[in-house]
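I have placed the structure first, in the form of structure tokens, so that the comments after it can refer back to it.
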Amino acid sequence: MADRINFSNEPGPSLEQGPSLTSLVSGIVNDLQVLIRQEIQLARTEMQKEWAKTKSVAGSMIAGAALLSAAGILFCFMLVYILDKYTAIPLWACFGIIGLVLAIAGGFLIAAGRARASDIHVVPPQTAETMRENVQWIQNQT
């Protein structure tokens, strides 16, 4: 049994200490800084995408309104005078009828633009989700 016991003066296995509290806190702070930088970059990227969608929708709506206006002016006069020439409707009523038809068509174009505008997110959804995850992670760390 004595041969199993080591009586030598050599030091035994040392107990290695884990990282200090300071290094753990420093690591967490560094991780948070990296995470915040990444979140800011993600938010920038998503905001740029949303801005591109906004420009596309606005451009479409403006172009639609401009075309509607030009077409309305040209066709309005033509149709009013056609109605006046071939019917017994007074000229003022012909203007009213054509104006109503153009207003309805314009309303449909505006409604279509509003439907497309609902796809635009003021707060980028992916950024919001990752921010929620980060807050949860930070809460679990403390």
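Letters A, B, ... go to the chains of the structure tokens in the order shown; residues in each chain start at 1; ligands are counted from 1 in the same order.
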Residue contacts of Leu100 in chain A (12 Å, only C-alpha atoms) excluding same-chain residues fewer than 5 positions away, as a list of chain:residue names
A:Gly72, A:Cys76, A:Val80, A:Ala93, A:Cys94, A:Phe95, A:Ala105, A:Gly106, A:Gly107
Can you tell me which residues surround Glu50 in chain A at a distance of at most 9 Å, considering only C-alpha atoms, apart from same-chain residues fewer than 2 positions away, and format the answer as a list in words?
Thr45, Glu46, Met47, Gln48, Ala52, Lys53, Thr54, Lys55, Ile120, His121, Val122 and Pro124 of chain A
Mind writing the picked residues with N, CA and C atoms as a PDB file, in the first residue's frame?
ATOM      1  N   THR A  45     -29.220  48.571 -42.435  1.00  0.00           N
ATOM      2  CA  THR A  45     -29.516  47.798 -43.641  1.00  0.00           C
ATOM      3  C   THR A  45     -31.018  47.674 -43.854  1.00  0.00           C
ATOM      4  N   GLU A  46     -31.750  47.371 -42.787  1.00  0.00           N
ATOM      5  CA  GLU A  46     -33.193  47.232 -42.922  1.00  0.00           C
ATOM      6  C   GLU A  46     -33.853  48.566 -43.244  1.00  0.00           C
ATOM      7  N   MET A  47     -33.365  49.638 -42.650  1.00  0.00           N
ATOM      8  CA  MET A  47     -33.941  50.954 -42.938  1.00  0.00           C
ATOM      9  C   MET A  47     -33.701  51.328 -44.406  1.00  0.00           C
ATOM     10  N   GLN A  48     -32.541  50.974 -44.940  1.00  0.00           N
ATOM     11  CA  GLN A  48     -32.274  51.246 -46.349  1.00  0.00           C
ATOM     12  C   GLN A  48     -33.233  50.465 -47.246  1.00  0.00           C
ATOM     13  N   ALA A  52     -36.073  52.081 -49.692  1.00  0.00           N
ATOM     14  CA  ALA A  52     -36.186  51.750 -51.120  1.00  0.00           C
ATOM     15  C   ALA A  52     -37.620  51.370 -51.468  1.00  0.00           C
ATOM     16  N   LYS A  53     -38.282  50.603 -50.592  1.00  0.00           N
ATOM     17  CA  LYS A  53     -39.684  50.261 -50.827  1.00  0.00           C
ATOM     18  C   LYS A  53     -40.555  51.511 -50.810  1.00  0.00           C
ATOM     19  N   THR A  54     -40.271  52.414 -49.866  1.00  0.00           N
ATOM     20  CA  THR A  54     -41.048  53.642 -49.753  1.00  0.00           C
ATOM     21  C   THR A  54     -40.913  54.479 -51.021  1.00  0.00           C
ATOM     22  N   LYS A  55     -39.682  54.600 -51.520  1.00  0.00           N
ATOM     23  CA  LYS A  55     -39.471  55.366 -52.749  1.00  0.00           C
ATOM     24  C   LYS A  55     -40.210  54.730 -53.918  1.00  0.00           C
ATOM     25  N   ILE A 120     -44.837  48.561 -45.935  1.00  0.00           N
ATOM     26  CA  ILE A 120     -43.708  49.337 -45.421  1.00  0.00           C
ATOM     27  C   ILE A 120     -43.749  49.304 -43.900  1.00  0.00           C
ATOM     28  N   HIS A 121     -42.620  48.925 -43.305  1.00  0.00           N
ATOM     29  CA  HIS A 121     -42.520  48.836 -41.846  1.00  0.00           C
ATOM     30  C   HIS A 121     -41.642  49.967 -41.336  1.00  0.00           C
ATOM     31  N   VAL A 122     -42.181  50.757 -40.412  1.00  0.00           N
ATOM     32  CA  VAL A 122     -41.404  51.853 -39.828  1.00  0.00           C
ATOM     33  C   VAL A 122     -40.299  51.281 -38.947  1.00  0.00           C
ATOM     34  N   PRO A 124     -38.072  48.128 -38.460  1.00  0.00           N
ATOM     35  CA  PRO A 124     -37.708  46.911 -39.188  1.00  0.00           C
ATOM     36  C   PRO A 124     -37.975  45.666 -38.343  1.00  0.00           C
TER      37      PRO A 124
END
Report as an mmCIF file with C-alpha atoms, in the first residue's frame all protein, DNA and RNA residues lying within 12 Å of range 65-69 of chain A, evaluated on only C-alpha atoms, omitting residues in the same chain fewer than 5 positions from it.
data_model
loop_
_atom_site.group_PDB
_atom_site.id
_atom_site.type_symbol
_atom_site.label_atom_id
_atom_site.label_comp_id
_atom_site.auth_asym_id
_atom_site.auth_seq_id
_atom_site.Cartn_x
_atom_site.Cartn_y
_atom_site.Cartn_z
ATOM 1 C CA ALA A 58 -44.233 56.877 -53.691
ATOM 2 C CA GLY A 59 -42.900 56.918 -57.240
ATOM 3 C CA SER A 60 -45.659 54.603 -58.369
ATOM 4 C CA LEU A 74 -57.431 65.111 -72.324
ATOM 5 C CA PHE A 75 -60.249 62.606 -72.159
ATOM 6 C CA CYS A 76 -62.466 64.861 -70.127
ATOM 7 C CA GLY A 99 -65.612 64.113 -63.861
ATOM 8 C CA VAL A 101 -65.965 58.613 -63.874
ATOM 9 C CA LEU A 102 -62.432 60.008 -63.577
ATOM 10 C CA ALA A 103 -62.786 60.484 -59.825
ATOM 11 C CA ILE A 104 -63.813 56.842 -59.390
ATOM 12 C CA ALA A 105 -60.822 55.661 -61.459
ATOM 13 C CA GLY A 106 -58.495 57.892 -59.424
ATOM 14 C CA GLY A 107 -59.937 56.496 -56.209
ATOM 15 C CA PHE A 108 -59.132 52.967 -57.332
ATOM 16 C CA LEU A 109 -55.522 53.963 -58.084
ATOM 17 C CA ILE A 110 -55.120 55.625 -54.692
ATOM 18 C CA ALA A 111 -56.586 52.548 -52.955
ATOM 19 C CA ALA A 112 -54.121 50.290 -54.787
ATOM 20 C CA GLY A 113 -51.225 52.511 -53.684
#
Exercise: Thr130 in chain A partners within 12 Å, only C-alpha atoms, chain neighbours under 4 positions left out, as number ranges by chain
A: 35-36, 38-40, 42-43, 124-126, 134-137
What would the file look like if the residues just selected were written as a JSON list (two decimals), in the first residue's frame with C-alpha atoms?
[["chain", "number", "residue", "atom", "x", "y", "z"],
["A", 35, "LEU", "CA", -23.67, 43.03, -30.35],
["A", 36, "ILE", "CA", -24.74, 46.67, -30.30],
["A", 38, "GLN", "CA", -24.10, 44.52, -35.21],
["A", 39, "GLU", "CA", -27.61, 45.62, -34.25],
["A", 40, "ILE", "CA", -26.94, 49.14, -35.49],
["A", 42, "LEU", "CA", -28.67, 45.51, -39.13],
["A", 43, "ALA", "CA", -30.99, 48.44, -38.43],
["A", 124, "PRO", "CA", -37.71, 46.91, -39.19],
["A", 125, "PRO", "CA", -39.13, 43.55, -38.05],
["A", 126, "GLN", "CA", -35.86, 41.61, -38.05],
["A", 134, "ASN", "CA", -30.65, 40.47, -27.04],
["A", 135, "VAL", "CA", -32.58, 41.97, -24.14],
["A", 136, "GLN", "CA", -33.60, 38.47, -23.08],
["A", 137, "TRP", "CA", -29.99, 37.28, -23.33]]
Per-residue DSSP, chain A, filtered to helix (DSSP H, G or I), as a ChimeraX atom specification:
/A:21-86,91-117,125-141
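Atom pair CA of Gly27 in chain A / CA of Arg44 in chain A has a distance of 25.8 Å (rounded to one decimal).
The spacing separating CA of Ile98 in chain A from CA of Ile62 in chain A amounts to 22.1 Å.
Note that CA of Gln41 in chain A and CA of Ser56 in chain A are 22.8 Å apart.
The nearest approach to Gly96 in chain A among the residues A:Phe77, A:Arg114, A:Ser23, A:Met131, with only C-alpha atoms taken into account, belongs to A:Phe77.
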